[in-house]
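Asker: I have a structure here, written as structure tokens, and I will follow up with some questions on it.
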Amino acid sequence: MKIAVCVKQVPDTWAEKKLSDSDKTLDRESVDGVMNELDEYAVEEALLIKEANDGEVVAVSMGPDKAEETVRKALQMGADSGIHIVDDSLAGSDSVATAKTLAATLKDQGYDLIIFGSESTDARMSVVPAMVAELLDLPQLTFASKVSVDGDAVTIQRQADYGYDEVQASTPAVISVVEKINEPRYPSFKGIMAAKKKPLESVAAPSGEPVGLASARTEILEFAERPPKAAGVKIEDDGTGGVKVADFLAEQKLI
Amino acid sequence: MQFTPEHEQFRKVVATFVENEINPYVDKWEKAKIFPAHELFPKVAEIGGFGLEYDEEYGGQGADHTYTLVLMEELGRADAAGPPMGISVQATMSTPALHRFGSDELKRKYLIPAMEGRDVTSVAVSEPDAGSDVAGIKTRARRDGDHWVINGSKMWITNGSQADWICMLVRTSDEGGFQGMSQIIVPTDTPGFSVGRLIEKMGNWSSDTAELVLQDVRVPVSNTIGEVGRGFQQQMVQFQDERLTVSYSAAMGARRALERTVEYLRVREAFGRPLIANQYLRYNIAELMAECDILIEYNRSMAFRYAAGEDVSRMATNAKLKVGKLTRQVADLVVQYHGGMGYAEENWAARYARDSRIIAIGGGADEVMLRVLTAYEGMDRR
């Protein structure tokens with residue numbers, strides 16, 4: 001079974017994120033990059049499926065030079081090889097351009113499964129897995145909280161407000177996983193050392209598709225920092241404090 | 001001396017491990033006066049935290065000593081010193097002699113399960129009447145055919161109530177002094193072995209510390225590590241690793257305590273401005289931070305030299321002495337600068353002060369280090 005797992009480098013969850021003044025995109029240089037947390041679950045799921053069915057796991061990432069660290073982390077966790085799509089023309093790509101780039105890179109490479117985290121902590125749109133499935137004309141099994149593979153049949157539990165749907169498709173297929181589907185492993189010392197010797201290929205953006213900021217279908221005209229939190233209302237308790245608090249909550253339509 | 005990208009990647013893994021697997025549980029474990037070693041140690045093994053410098057054949061990682069430095073520095077930044085102390089015992093205090101001097105059979109039977117985190121281990125040297133004075137130990141193993149029959153007691157045993165086996169230094173002859181001691185692996189399920197009591201301590205609450213009692217404990221002679229009668233010398237080699245690792249983790253722990261104090265002084269206001277605006281406070285912190293930085297660099301130099309095969313016993317003694325003194329100064333400052341909050345048990349500063357006080361005592365007290373250093377200079381000869 002040949003599995004691709006798509007991973008994205010995002011700014012550290014706890015870091016203060018900024019938009020750059022020049023092109024109004026996320027300033028990725030000024031913050032530490034980490035593997036998108038949900039992608040860790042995707043890597044773990046890919047490794048679990050590989051361990052149960054044999055085969056190989058290829059980690060794929062699109063991003064600037066620094067994003068190589070994230071492909072490397074997937075290798076440290078146990079992926080067999082990595083592909084880093086790095087190209088100046090890709091800077092500022094929106095989700096459509098990202099999906100097109102990934103789809104073109106993944107197309108016709110014999111992948112049985114393509115696994116994603118269900119969203120990234122920076123853009124939070126949850127659309128790239130579905131777009132890639134559409135572009136590759138593959139079934140999409142998104143928001144999986146459980147994945148089971150039996151021969152060429154893949155069944156997932158698709159997380160929903162009311163519980164889950166069971167969805168089945170045959171391979172090749174695209175899967176996106178939700179949090180808590182598994183317990184992602186830590187890279188180990190031996191994993192770190194082994195990753196040094198694993199193939200990690202840097203490839204340019206596939207030609208023919210308009211990508212980058214200029215192709216984006218949305219444009220950021222203006223942005224401003226979130227205003228600092230305003231001071232709250234202070235209620236002195238002169239015996240009527242309870243009533244005043246209740247009035248305040250009612251005013252805010254909270255009670 | 002230079003860290004590679006792999007050192008930095010391993011550092012990140014250990015830091016994340018501390019953040020996810022230790023820090024969230026520290027309050028609970030401190031209250032329980034024990035951390036669950038049999039749950040935590042397999043996870044430590046998963047990242048390669050045990051046996052970094054040991055042969056892969058025996059469950060080790062095949063790394064060099066500089067990775068132990070990285071591991072210990074990051075463990076030193078944990079929110080309580082108890083669990084890291086338990087991990088350090090297994091990684092660098094109870095197992096080095098077994099790895100270095102033990103037979104193939106002994107290593108397969110005892111080292112591998114410890115490296116996989118399935119077995120929890122302790123080292124037992126001190127006794128109620130002999131601590132720093134190792135030559136004063138009295139626990140005695142008498143030979144009976146293919147077995148040792150051990151009688152005596154051991155004190156201050158970290159992981160002592162949870163251990164599956166213990167690397168124990170005992171007398172195996174009547175020669176006395178530094179002669180006639182041996183290191184023996186004592187499985188704790190052997191009849192006659194018991195935990196006499198758990199010792200309530202000033203700090204490191206989440207780490208269990210036990211007094212052990214041995215009454216006619218029969219252990220195969222093949223459980224002897226290395227040579228019969230060379231136990232003291234082998235234990236001295238094992239002690240050196242302890243001095244190194246204590247210094248690595250405590251220097252980094254002191255640095256973090258100062259950093260956390262700065263964070264507090266930035267938000268705590270008094271007399272209309274944050275406390276950090278007070279030059280007296282920040283100058284004193286800066287001075288201790290400088291000392292931490294110098295010690296951290298000294299530690300790193302020592303680690304790289306050790307990895308290159310140099311004898312660093314004197315450096316290790318210097319570092320252990322310095323870190324013992326420095327943490328006492330740092331602990332005093334962080335409590336003082338937190339004011340009443342520093343004295344409150346709900347705040348980390350009080351725990352830091354309690355936990356760190358052992359640094360100057362355990363692993364060879366300051367005074368033992370001074371005794372060793374005076375001997376290096378020949379000052380002990382008149």
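Going by the structure tokens order, chains are called A, B, ..., each with residues numbered from 1, while ligands are numbered from 1 in the order shown.
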Within stretch 247-334 of chain B, find each residue whose DSSP state, derived from the backbone, is strand (DSSP E or B), and express the selection as a PyMOL selection string.

Answerer: chain B and resi 269-270+273-274

Asker: What's around stretch 19-31 of chain A at 7 Å? Count only C-alpha atoms, leave out sequence neighbours fewer than 3 positions away in its own chain, and write the answer as a list of chain:residue names.

Answerer: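 Selected residues are A:Pro11, A:Asp12, A:Ala15, A:Gly92, A:Ile220.
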
Asker: So which bits of stretch 162-256 of chain B end up helix (DSSP H, G or I) when you DSSP the backbone, as a ChimeraX atom specification?

Answerer: /B:221-223,231-256

Asker: Record the distance separating atom CA of A:Val167 and atom CA of A:Lys146, expressed in Å with one decimal.

Answerer: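 Taking atom CA of A:Val167 and atom CA of A:Lys146, their separation equals 10.5 Å.
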
Asker: Counting only C-alpha atoms, which residues from chain B have an atom at most 12 Å from any atom of chain A, and could you show them as a PDB file with N, CA and C atoms, in the first residue's frame?

Answerer:
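What follows is the written file out_6.pdb:
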ATOM      1  N   THR B   4      24.613  19.658  16.598  1.00  0.00           N
ATOM      2  CA  THR B   4      24.178  19.434  15.222  1.00  0.00           C
ATOM      3  C   THR B   4      22.661  19.671  15.143  1.00  0.00           C
ATOM      4  N   PRO B   5      22.102  19.718  13.922  1.00  0.00           N
ATOM      5  CA  PRO B   5      20.643  19.833  13.827  1.00  0.00           C
ATOM      6  C   PRO B   5      19.945  18.683  14.563  1.00  0.00           C
ATOM      7  N   GLU B   6      20.580  17.509  14.595  1.00  0.00           N
ATOM      8  CA  GLU B   6      19.963  16.358  15.275  1.00  0.00           C
ATOM      9  C   GLU B   6      19.882  16.597  16.784  1.00  0.00           C
ATOM     10  N   HIS B   7      20.917  17.249  17.347  1.00  0.00           N
ATOM     11  CA  HIS B   7      20.847  17.600  18.770  1.00  0.00           C
ATOM     12  C   HIS B   7      19.635  18.501  19.025  1.00  0.00           C
ATOM     13  N   GLU B   8      19.464  19.490  18.151  1.00  0.00           N
ATOM     14  CA  GLU B   8      18.363  20.448  18.339  1.00  0.00           C
ATOM     15  C   GLU B   8      17.006  19.767  18.165  1.00  0.00           C
ATOM     16  N   GLN B   9      16.949  18.816  17.219  1.00  0.00           N
ATOM     17  CA  GLN B   9      15.680  18.098  17.010  1.00  0.00           C
ATOM     18  C   GLN B   9      15.359  17.237  18.224  1.00  0.00           C
ATOM     19  N   PHE B  10      16.387  16.584  18.768  1.00  0.00           N
ATOM     20  CA  PHE B  10      16.162  15.753  19.961  1.00  0.00           C
ATOM     21  C   PHE B  10      15.762  16.640  21.138  1.00  0.00           C
ATOM     22  N   ARG B  11      16.382  17.813  21.232  1.00  0.00           N
ATOM     23  CA  ARG B  11      16.034  18.749  22.311  1.00  0.00           C
ATOM     24  C   ARG B  11      14.542  19.105  22.246  1.00  0.00           C
ATOM     25  N   LYS B  12      14.059  19.353  21.027  1.00  0.00           N
ATOM     26  CA  LYS B  12      12.645  19.692  20.846  1.00  0.00           C
ATOM     27  C   LYS B  12      11.749  18.538  21.283  1.00  0.00           C
ATOM     28  N   VAL B  13      12.152  17.325  20.933  1.00  0.00           N
ATOM     29  CA  VAL B  13      11.354  16.154  21.303  1.00  0.00           C
ATOM     30  C   VAL B  13      11.265  16.044  22.830  1.00  0.00           C
ATOM     31  N   VAL B  14      12.408  16.206  23.498  1.00  0.00           N
ATOM     32  CA  VAL B  14      12.398  16.077  24.969  1.00  0.00           C
ATOM     33  C   VAL B  14      11.565  17.209  25.578  1.00  0.00           C
ATOM     34  N   ALA B  15      11.714  18.419  25.035  1.00  0.00           N
ATOM     35  CA  ALA B  15      10.959  19.563  25.561  1.00  0.00           C
ATOM     36  C   ALA B  15       9.455  19.312  25.409  1.00  0.00           C
ATOM     37  N   THR B  16       9.045  18.794  24.260  1.00  0.00           N
ATOM     38  CA  THR B  16       7.626  18.499  24.033  1.00  0.00           C
ATOM     39  C   THR B  16       7.161  17.391  24.975  1.00  0.00           C
ATOM     40  N   PHE B  17       8.027  16.418  25.166  1.00  0.00           N
ATOM     41  CA  PHE B  17       7.711  15.311  26.079  1.00  0.00           C
ATOM     42  C   PHE B  17       7.454  15.838  27.497  1.00  0.00           C
ATOM     43  N   VAL B  18       8.332  16.712  27.954  1.00  0.00           N
ATOM     44  CA  VAL B  18       8.181  17.292  29.299  1.00  0.00           C
ATOM     45  C   VAL B  18       6.862  18.062  29.385  1.00  0.00           C
ATOM     46  N   ASN B  20       4.129  17.662  27.570  1.00  0.00           N
ATOM     47  CA  ASN B  20       2.905  16.856  27.409  1.00  0.00           C
ATOM     48  C   ASN B  20       2.767  15.718  28.410  1.00  0.00           C
ATOM     49  N   GLU B  21       3.869  15.113  28.780  1.00  0.00           N
ATOM     50  CA  GLU B  21       3.785  13.873  29.558  1.00  0.00           C
ATOM     51  C   GLU B  21       4.147  14.067  31.034  1.00  0.00           C
ATOM     52  N   LYS B  43       7.078   5.443  28.086  1.00  0.00           N
ATOM     53  CA  LYS B  43       7.013   6.618  27.194  1.00  0.00           C
ATOM     54  C   LYS B  43       8.394   7.262  27.053  1.00  0.00           C
ATOM     55  N   VAL B  44       9.150   7.264  28.158  1.00  0.00           N
ATOM     56  CA  VAL B  44      10.522   7.783  28.089  1.00  0.00           C
ATOM     57  C   VAL B  44      11.328   6.931  27.117  1.00  0.00           C
ATOM     58  N   ALA B  45      11.112   5.617  27.195  1.00  0.00           N
ATOM     59  CA  ALA B  45      11.833   4.698  26.312  1.00  0.00           C
ATOM     60  C   ALA B  45      11.457   4.953  24.852  1.00  0.00           C
ATOM     61  N   GLU B  46      10.189   5.322  24.633  1.00  0.00           N
ATOM     62  CA  GLU B  46       9.713   5.551  23.264  1.00  0.00           C
ATOM     63  C   GLU B  46      10.509   6.662  22.558  1.00  0.00           C
ATOM     64  N   ILE B  47      10.885   7.702  23.302  1.00  0.00           N
ATOM     65  CA  ILE B  47      11.672   8.776  22.657  1.00  0.00           C
ATOM     66  C   ILE B  47      13.168   8.457  22.681  1.00  0.00           C
ATOM     67  N   GLY B  48      13.529   7.351  23.287  1.00  0.00           N
ATOM     68  CA  GLY B  48      14.954   6.999  23.342  1.00  0.00           C
ATOM     69  C   GLY B  48      15.652   7.610  24.540  1.00  0.00           C
ATOM     70  N   GLY B  49      14.895   7.880  25.602  1.00  0.00           N
ATOM     71  CA  GLY B  49      15.463   8.556  26.769  1.00  0.00           C
ATOM     72  C   GLY B  49      16.296   7.671  27.680  1.00  0.00           C
ATOM     73  N   PHE B  50      16.177   6.358  27.519  1.00  0.00           N
ATOM     74  CA  PHE B  50      17.011   5.463  28.336  1.00  0.00           C
ATOM     75  C   PHE B  50      18.125   4.879  27.477  1.00  0.00           C
ATOM     76  N   GLY B  51      19.300   4.756  28.076  1.00  0.00           N
ATOM     77  CA  GLY B  51      20.401   4.076  27.385  1.00  0.00           C
ATOM     78  C   GLY B  51      20.907   4.799  26.164  1.00  0.00           C
ATOM     79  N   LEU B  52      20.868   6.134  26.199  1.00  0.00           N
ATOM     80  CA  LEU B  52      21.342   6.886  25.030  1.00  0.00           C
ATOM     81  C   LEU B  52      22.739   6.439  24.616  1.00  0.00           C
ATOM     82  N   GLU B  53      23.610   6.193  25.619  1.00  0.00           N
ATOM     83  CA  GLU B  53      25.006   5.884  25.276  1.00  0.00           C
ATOM     84  C   GLU B  53      25.301   4.387  25.267  1.00  0.00           C
ATOM     85  N   GLU B  56      23.246  -0.770  21.177  1.00  0.00           N
ATOM     86  CA  GLU B  56      21.899  -1.051  20.671  1.00  0.00           C
ATOM     87  C   GLU B  56      21.507  -2.500  20.942  1.00  0.00           C
ATOM     88  N   GLY B  59      19.415  -2.773  24.024  1.00  0.00           N
ATOM     89  CA  GLY B  59      18.311  -1.835  24.157  1.00  0.00           C
ATOM     90  C   GLY B  59      18.737  -0.385  24.208  1.00  0.00           C
ATOM     91  N   GLY B  60      20.027  -0.125  23.985  1.00  0.00           N
ATOM     92  CA  GLY B  60      20.530   1.246  24.003  1.00  0.00           C
ATOM     93  C   GLY B  60      20.298   1.959  22.677  1.00  0.00           C
ATOM     94  N   GLN B  61      20.730   3.221  22.633  1.00  0.00           N
ATOM     95  CA  GLN B  61      20.465   4.057  21.459  1.00  0.00           C
ATOM     96  C   GLN B  61      21.695   4.260  20.576  1.00  0.00           C
ATOM     97  N   GLY B  62      22.863   3.950  21.114  1.00  0.00           N
ATOM     98  CA  GLY B  62      24.085   4.111  20.316  1.00  0.00           C
ATOM     99  C   GLY B  62      24.465   5.565  20.071  1.00  0.00           C
ATOM    100  N   ALA B  63      24.009   6.463  20.948  1.00  0.00           N
ATOM    101  CA  ALA B  63      24.357   7.885  20.793  1.00  0.00           C
ATOM    102  C   ALA B  63      25.627   8.187  21.586  1.00  0.00           C
ATOM    103  N   ASP B  64      26.140   9.398  21.464  1.00  0.00           N
ATOM    104  CA  ASP B  64      27.260   9.756  22.329  1.00  0.00           C
ATOM    105  C   ASP B  64      26.742  10.595  23.504  1.00  0.00           C
ATOM    106  N   TYR B  67      24.202  13.705  23.756  1.00  0.00           N
ATOM    107  CA  TYR B  67      22.739  13.574  23.739  1.00  0.00           C
ATOM    108  C   TYR B  67      22.188  13.404  25.157  1.00  0.00           C
ATOM    109  N   THR B  68      23.003  12.819  26.037  1.00  0.00           N
ATOM    110  CA  THR B  68      22.598  12.751  27.448  1.00  0.00           C
ATOM    111  C   THR B  68      22.520  14.164  28.013  1.00  0.00           C
ATOM    112  N   VAL B  70      21.768  16.871  26.368  1.00  0.00           N
ATOM    113  CA  VAL B  70      20.541  17.487  25.855  1.00  0.00           C
ATOM    114  C   VAL B  70      19.321  16.974  26.637  1.00  0.00           C
ATOM    115  N   LEU B  71      19.262  15.659  26.835  1.00  0.00           N
ATOM    116  CA  LEU B  71      18.152  15.063  27.581  1.00  0.00           C
ATOM    117  C   LEU B  71      18.050  15.676  28.975  1.00  0.00           C
TER     118      LEU B  71
END

Asker: Closest to B:Gly363 among B:Ser161, B:Asn284, B:Gln240, B:Thr121, using only C-alpha atoms?

Answerer: B:Gln240

Asker: How many Å separate atom CA of B:Ile157 from atom CA of B:Ser313?

Answerer: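 Going from atom CA of B:Ile157 over to atom CA of B:Ser313, I get 24.2 Å.
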
Asker: Please identify all polymer residues within 9 Å of stretch 321-334 of chain B, counting only C-alpha atoms, omitting same-chain residues fewer than 3 positions from it, and present them as a PyMOL selection string.

Answerer: chain B and resi 246-248+250-251+253-255+257-258+260-261+284-285+288+291-292+295+316-318+337-339+342+349-350+352-354+356-361+364-370

Asker: Can you tell me how far atom CA of A:Asn36 sits from atom CA of A:Ile175, in Å to one decimal?

Answerer: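 Computing it gives 16.3 Å between the two atoms.
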
Asker: Of the candidates B:Ala114, B:Val120, B:Ile296, B:Met379, which shows the shortest atom-to-atom distance to B:Ser249, using only C-alpha atoms?

Answerer: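 For B:Ser249, the nearest of the candidates is B:Ile296.
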